[in-house]
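Undergrad: Sending over work.cif (mmCIF, N, CA and C atoms).
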data_entry
#
loop_
_atom_site.label_atom_id
_atom_site.label_comp_id
_atom_site.auth_asym_id
_atom_site.auth_seq_id
_atom_site.Cartn_x
_atom_site.Cartn_y
_atom_site.Cartn_z
N MET A 1219 -35.30 -49.34 -1.93
CA MET A 1219 -36.48 -48.71 -1.44
C MET A 1219 -37.46 -49.83 -1.06
N LYS A 1220 -38.14 -49.63 0.04
CA LYS A 1220 -39.08 -50.62 0.54
C LYS A 1220 -40.37 -49.91 0.93
N HIS A 1221 -41.49 -50.45 0.51
CA HIS A 1221 -42.75 -49.82 0.89
C HIS A 1221 -43.28 -50.45 2.18
N GLN A 1222 -43.94 -49.63 2.98
CA GLN A 1222 -44.52 -50.06 4.24
C GLN A 1222 -45.92 -49.47 4.35
N TYR A 1223 -46.74 -50.09 5.16
CA TYR A 1223 -48.11 -49.61 5.36
C TYR A 1223 -48.45 -49.65 6.84
N LYS A 1224 -48.90 -48.53 7.36
CA LYS A 1224 -49.33 -48.44 8.74
C LYS A 1224 -50.86 -48.46 8.75
N VAL A 1225 -51.45 -49.36 9.54
CA VAL A 1225 -52.90 -49.46 9.61
C VAL A 1225 -53.36 -48.96 10.98
N THR A 1226 -54.25 -47.97 10.96
CA THR A 1226 -54.84 -47.44 12.19
C THR A 1226 -56.35 -47.42 12.03
N TYR A 1227 -57.04 -47.18 13.13
CA TYR A 1227 -58.50 -47.18 13.12
C TYR A 1227 -59.06 -45.94 13.83
N PRO A 1228 -58.82 -44.74 13.28
CA PRO A 1228 -59.39 -43.54 13.90
C PRO A 1228 -60.91 -43.51 13.68
N GLY A 1229 -61.67 -43.25 14.73
CA GLY A 1229 -63.12 -43.21 14.60
C GLY A 1229 -63.70 -44.54 14.15
N ASN A 1230 -63.00 -45.64 14.46
CA ASN A 1230 -63.44 -46.99 14.13
C ASN A 1230 -63.52 -47.23 12.61
N VAL A 1231 -62.72 -46.47 11.84
CA VAL A 1231 -62.63 -46.63 10.39
C VAL A 1231 -61.18 -46.95 10.05
N ARG A 1232 -60.98 -47.98 9.26
CA ARG A 1232 -59.61 -48.38 8.90
C ARG A 1232 -58.96 -47.33 8.01
N LEU A 1233 -57.73 -46.94 8.38
CA LEU A 1233 -56.95 -45.98 7.61
C LEU A 1233 -55.59 -46.62 7.34
N ILE A 1234 -55.25 -46.76 6.05
CA ILE A 1234 -53.95 -47.32 5.65
C ILE A 1234 -53.09 -46.18 5.15
N THR A 1235 -51.93 -46.00 5.80
CA THR A 1235 -51.02 -44.91 5.45
C THR A 1235 -49.74 -45.50 4.87
N PRO A 1236 -49.51 -45.31 3.56
CA PRO A 1236 -48.29 -45.85 2.95
C PRO A 1236 -47.08 -44.97 3.26
N SER A 1237 -45.91 -45.58 3.27
CA SER A 1237 -44.66 -44.83 3.43
C SER A 1237 -43.53 -45.60 2.75
N LEU A 1238 -42.44 -44.89 2.48
CA LEU A 1238 -41.26 -45.50 1.87
C LEU A 1238 -40.14 -45.53 2.89
N ASP A 1239 -39.39 -46.64 2.88
CA ASP A 1239 -38.24 -46.80 3.75
C ASP A 1239 -37.03 -47.05 2.85
N TYR A 1240 -35.89 -46.57 3.26
CA TYR A 1240 -34.65 -46.75 2.50
C TYR A 1240 -33.67 -47.55 3.35
N PRO A 1241 -33.77 -48.90 3.32
CA PRO A 1241 -32.92 -49.72 4.19
C PRO A 1241 -31.43 -49.59 3.90
N MET A 1242 -31.06 -49.12 2.72
CA MET A 1242 -29.65 -48.95 2.38
C MET A 1242 -29.27 -47.47 2.36
N GLY A 1243 -30.08 -46.60 2.91
CA GLY A 1243 -29.81 -45.18 2.91
C GLY A 1243 -30.39 -44.51 1.67
N GLU A 1244 -30.52 -43.21 1.71
CA GLU A 1244 -31.11 -42.48 0.59
C GLU A 1244 -30.10 -42.09 -0.48
N ALA A 1245 -28.82 -42.11 -0.15
CA ALA A 1245 -27.79 -41.74 -1.13
C ALA A 1245 -27.64 -42.85 -2.17
N PRO A 1246 -27.39 -42.49 -3.44
CA PRO A 1246 -27.20 -43.50 -4.48
C PRO A 1246 -25.97 -44.37 -4.19
N LEU A 1247 -26.06 -45.65 -4.51
CA LEU A 1247 -24.93 -46.57 -4.37
C LEU A 1247 -24.29 -46.76 -5.73
N VAL A 1248 -22.99 -46.56 -5.82
CA VAL A 1248 -22.27 -46.74 -7.08
C VAL A 1248 -21.83 -48.19 -7.16
N ILE A 1249 -22.32 -48.89 -8.16
CA ILE A 1249 -21.97 -50.30 -8.34
C ILE A 1249 -20.86 -50.44 -9.38
N ASP A 1250 -20.94 -49.71 -10.48
CA ASP A 1250 -19.91 -49.74 -11.52
C ASP A 1250 -19.46 -48.31 -11.79
N GLU A 1251 -18.23 -48.01 -11.43
CA GLU A 1251 -17.70 -46.65 -11.54
C GLU A 1251 -17.65 -46.14 -12.97
N SER A 1252 -17.60 -47.06 -13.95
CA SER A 1252 -17.52 -46.62 -15.34
C SER A 1252 -18.88 -46.16 -15.87
N GLY A 1253 -19.95 -46.44 -15.14
CA GLY A 1253 -21.28 -46.03 -15.58
C GLY A 1253 -21.91 -46.98 -16.59
N ALA A 1254 -21.32 -48.19 -16.73
CA ALA A 1254 -21.86 -49.16 -17.68
C ALA A 1254 -23.27 -49.58 -17.27
N ALA A 1255 -24.09 -49.90 -18.26
CA ALA A 1255 -25.46 -50.35 -18.00
C ALA A 1255 -25.43 -51.69 -17.27
N LEU A 1256 -26.28 -51.84 -16.27
CA LEU A 1256 -26.37 -53.09 -15.52
C LEU A 1256 -27.41 -53.98 -16.18
N GLU A 1257 -27.01 -55.21 -16.52
CA GLU A 1257 -27.92 -56.14 -17.18
C GLU A 1257 -28.69 -56.99 -16.17
N LYS A 1258 -28.02 -57.41 -15.12
CA LYS A 1258 -28.67 -58.20 -14.07
C LYS A 1258 -28.21 -57.65 -12.73
N LEU A 1259 -29.11 -57.69 -11.76
CA LEU A 1259 -28.80 -57.08 -10.47
C LEU A 1259 -29.44 -57.86 -9.33
N PRO A 1260 -28.95 -59.07 -9.05
CA PRO A 1260 -29.47 -59.79 -7.88
C PRO A 1260 -28.92 -59.15 -6.61
N LEU A 1261 -29.73 -59.12 -5.56
CA LEU A 1261 -29.25 -58.53 -4.32
C LEU A 1261 -29.88 -59.20 -3.12
N LYS A 1262 -29.20 -59.09 -2.00
CA LYS A 1262 -29.69 -59.59 -0.73
C LYS A 1262 -29.58 -58.44 0.26
N ILE A 1263 -30.71 -58.01 0.79
CA ILE A 1263 -30.72 -56.91 1.73
C ILE A 1263 -31.01 -57.46 3.11
N GLY A 1264 -30.08 -57.25 4.04
CA GLY A 1264 -30.24 -57.69 5.41
C GLY A 1264 -30.38 -56.51 6.34
N ASP A 1265 -30.57 -56.79 7.62
CA ASP A 1265 -30.71 -55.73 8.61
C ASP A 1265 -29.41 -54.95 8.80
N ASP A 1266 -28.27 -55.64 8.78
CA ASP A 1266 -26.99 -54.98 9.05
C ASP A 1266 -26.07 -54.88 7.84
N ALA A 1267 -26.36 -55.63 6.77
CA ALA A 1267 -25.50 -55.62 5.59
C ALA A 1267 -26.31 -56.01 4.36
N SER A 1268 -25.79 -55.64 3.20
CA SER A 1268 -26.42 -55.98 1.93
C SER A 1268 -25.34 -56.36 0.93
N THR A 1269 -25.67 -57.31 0.05
CA THR A 1269 -24.74 -57.74 -0.98
C THR A 1269 -25.43 -57.61 -2.33
N ILE A 1270 -24.69 -57.05 -3.30
CA ILE A 1270 -25.22 -56.84 -4.64
C ILE A 1270 -24.24 -57.43 -5.65
N ALA A 1271 -24.74 -58.27 -6.54
CA ALA A 1271 -23.95 -58.78 -7.65
C ALA A 1271 -24.51 -58.13 -8.91
N ALA A 1272 -23.67 -57.45 -9.66
CA ALA A 1272 -24.13 -56.74 -10.85
C ALA A 1272 -23.39 -57.25 -12.08
N LYS A 1273 -24.16 -57.51 -13.16
CA LYS A 1273 -23.56 -57.95 -14.41
C LYS A 1273 -23.72 -56.85 -15.44
N THR A 1274 -22.59 -56.47 -16.04
CA THR A 1274 -22.62 -55.55 -17.18
C THR A 1274 -22.31 -56.38 -18.42
N ALA A 1275 -22.16 -55.75 -19.56
CA ALA A 1275 -21.89 -56.48 -20.80
C ALA A 1275 -20.58 -57.27 -20.74
N ASP A 1276 -19.58 -56.75 -20.01
CA ASP A 1276 -18.26 -57.39 -20.05
C ASP A 1276 -17.70 -57.80 -18.69
N LYS A 1277 -18.44 -57.60 -17.61
CA LYS A 1277 -17.89 -57.99 -16.30
C LYS A 1277 -19.00 -58.22 -15.27
N ILE A 1278 -18.59 -58.85 -14.18
CA ILE A 1278 -19.48 -59.06 -13.04
C ILE A 1278 -18.83 -58.41 -11.83
N ARG A 1279 -19.61 -57.64 -11.09
CA ARG A 1279 -19.09 -56.96 -9.88
C ARG A 1279 -19.87 -57.45 -8.68
N LEU A 1280 -19.16 -57.65 -7.58
CA LEU A 1280 -19.78 -58.02 -6.32
C LEU A 1280 -19.49 -56.91 -5.32
N SER A 1281 -20.54 -56.34 -4.75
CA SER A 1281 -20.39 -55.26 -3.77
C SER A 1281 -21.07 -55.67 -2.48
N HIS A 1282 -20.41 -55.40 -1.38
CA HIS A 1282 -20.97 -55.71 -0.06
C HIS A 1282 -20.99 -54.42 0.73
N PHE A 1283 -22.11 -54.10 1.33
CA PHE A 1283 -22.27 -52.87 2.10
C PHE A 1283 -22.69 -53.24 3.52
N GLU A 1284 -22.04 -52.63 4.51
CA GLU A 1284 -22.42 -52.82 5.90
C GLU A 1284 -22.80 -51.48 6.50
N LYS A 1285 -23.77 -51.51 7.40
CA LYS A 1285 -24.22 -50.28 8.03
C LYS A 1285 -23.15 -49.75 8.98
N LYS A 1286 -22.83 -48.46 8.83
CA LYS A 1286 -21.94 -47.77 9.77
C LYS A 1286 -22.75 -47.29 10.95
N ASN A 1287 -23.96 -46.83 10.65
CA ASN A 1287 -24.90 -46.39 11.68
C ASN A 1287 -26.29 -46.72 11.14
N PRO A 1288 -27.34 -46.49 11.88
CA PRO A 1288 -28.67 -46.89 11.41
C PRO A 1288 -29.11 -46.24 10.11
N CYS A 1289 -28.46 -45.17 9.67
CA CYS A 1289 -28.94 -44.44 8.49
C CYS A 1289 -28.08 -44.62 7.25
N SER A 1290 -26.93 -45.30 7.34
CA SER A 1290 -26.09 -45.37 6.16
C SER A 1290 -25.34 -46.70 6.09
N LEU A 1291 -24.80 -46.99 4.91
CA LEU A 1291 -24.03 -48.19 4.68
C LEU A 1291 -22.68 -47.80 4.10
N MET A 1292 -21.67 -48.65 4.29
CA MET A 1292 -20.39 -48.36 3.67
C MET A 1292 -20.01 -49.52 2.75
N LYS A 1293 -19.33 -49.21 1.68
CA LYS A 1293 -18.93 -50.21 0.72
C LYS A 1293 -17.64 -50.87 1.20
N LEU A 1294 -17.64 -52.22 1.23
CA LEU A 1294 -16.46 -52.95 1.68
C LEU A 1294 -15.64 -53.51 0.53
N LEU A 1295 -16.28 -53.92 -0.55
CA LEU A 1295 -15.55 -54.53 -1.66
C LEU A 1295 -15.46 -53.58 -2.83
#
How does the structure come out when it is put into structure tokens?

TA:
Amino acid sequence: MKHQYKVTYPGNVRLITPSLDYPMGEAPLVIDESGAALEKLPLKIGDDASTIAAKTADKIRLSHFEKKNPCSLMKLL
């Protein structure tokens, strides 16, 4: 989730309108199928792809997602 702010000046008065953007889509991403708690979650979000490294108590998972279309990503690893 990413926050954004649009600034306009209706009637010569500054108006800031907040909004939320979902660069990886609104659907939940499954990182660990077993449902284990994630201890660390470094990630890199790009325009066309995102990479997430997740550490649980007993393993490390690397997931890479690429956009299929402007609204969604697909899991490659």

Undergrad: The PyMOL selection byres ((chain A and resi 1248-1262) around 5) - which residues does that actually catch in the file I just gave you? List them as an NGL selection string.

TA: :A and (1246-1247 or 1263-1264 or 1268-1274)

Undergrad: Which residues, protein or nucleic acid, reach to within 12 Å of (-43.9, -53.5, 4.4) in the file's coordinates when using only C-alpha atoms, and can you give that as a compact mmCIF listing (two decimals) with N, CA and C atoms, keeping the file's coordinate frame?

TA:
# COMPACT_ATOMS: atom_id res chain seq x y z
N MET A 1219 -35.30 -49.34 -1.93
CA MET A 1219 -36.48 -48.71 -1.44
C MET A 1219 -37.46 -49.83 -1.06
N LYS A 1220 -38.14 -49.63 0.04
CA LYS A 1220 -39.08 -50.62 0.54
C LYS A 1220 -40.37 -49.91 0.93
N HIS A 1221 -41.49 -50.45 0.51
CA HIS A 1221 -42.75 -49.82 0.89
C HIS A 1221 -43.28 -50.45 2.18
N GLN A 1222 -43.94 -49.63 2.98
CA GLN A 1222 -44.52 -50.06 4.24
C GLN A 1222 -45.92 -49.47 4.35
N TYR A 1223 -46.74 -50.09 5.16
CA TYR A 1223 -48.11 -49.61 5.36
C TYR A 1223 -48.45 -49.65 6.84
N LYS A 1224 -48.90 -48.53 7.36
CA LYS A 1224 -49.33 -48.44 8.74
C LYS A 1224 -50.86 -48.46 8.75
N VAL A 1225 -51.45 -49.36 9.54
CA VAL A 1225 -52.90 -49.46 9.61
C VAL A 1225 -53.36 -48.96 10.98
N ILE A 1234 -55.25 -46.76 6.05
CA ILE A 1234 -53.95 -47.32 5.65
C ILE A 1234 -53.09 -46.18 5.15
N THR A 1235 -51.93 -46.00 5.80
CA THR A 1235 -51.02 -44.91 5.45
C THR A 1235 -49.74 -45.50 4.87
N PRO A 1236 -49.51 -45.31 3.56
CA PRO A 1236 -48.29 -45.85 2.95
C PRO A 1236 -47.08 -44.97 3.26
N SER A 1237 -45.91 -45.58 3.27
CA SER A 1237 -44.66 -44.83 3.43
C SER A 1237 -43.53 -45.60 2.75
N LEU A 1238 -42.44 -44.89 2.48
CA LEU A 1238 -41.26 -45.50 1.87
C LEU A 1238 -40.14 -45.53 2.89
N ASP A 1239 -39.39 -46.64 2.88
CA ASP A 1239 -38.24 -46.80 3.75
C ASP A 1239 -37.03 -47.05 2.85
N TYR A 1240 -35.89 -46.57 3.26
CA TYR A 1240 -34.65 -46.75 2.50
C TYR A 1240 -33.67 -47.55 3.35
N PRO A 1241 -33.77 -48.90 3.32
CA PRO A 1241 -32.92 -49.72 4.19
C PRO A 1241 -31.43 -49.59 3.90

Undergrad: Here is a test: counting only C-alpha atoms, which residue of A:Lys1277, A:His1282, A:Tyr1227, A:Met1242 is nearest to Asp1265 of chain A?

TA: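 Counting only C-alpha atoms, the residue closest to Asp1265 of chain A is A:Met1242.
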
Undergrad: Atom CA of Glu1244 of chain A and atom N of Ile1278 of chain A, how far apart in Å?

TA: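 Atom CA of Glu1244 of chain A lies at a distance of 25.4 Å from atom N of Ile1278 of chain A.
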
Undergrad: Would you please give, as a PyMOL selection string, all residues of chain A that DSSP assigns to strand (DSSP E or B) based on the backbone?

TA: chain A and resi 1220-1226+1233-1239+1258+1261-1263+1267-1273+1278-1287+1290-1293

Undergrad: To one decimal place in Å, what is the distance between atom C of Ala1275 of chain A and atom CA of Ala1245 of chain A?

TA: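 Computing it gives 26.0 Å between the two atoms.
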
Undergrad: Kindly give the distance, in Å, that separates atom CA of Asp1266 of chain A and atom N of Gly1243 of chain A, rounded to a single decimal.

TA: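 For atom CA of Asp1266 of chain A relative to atom N of Gly1243 of chain A, the distance reads 10.8 Å.
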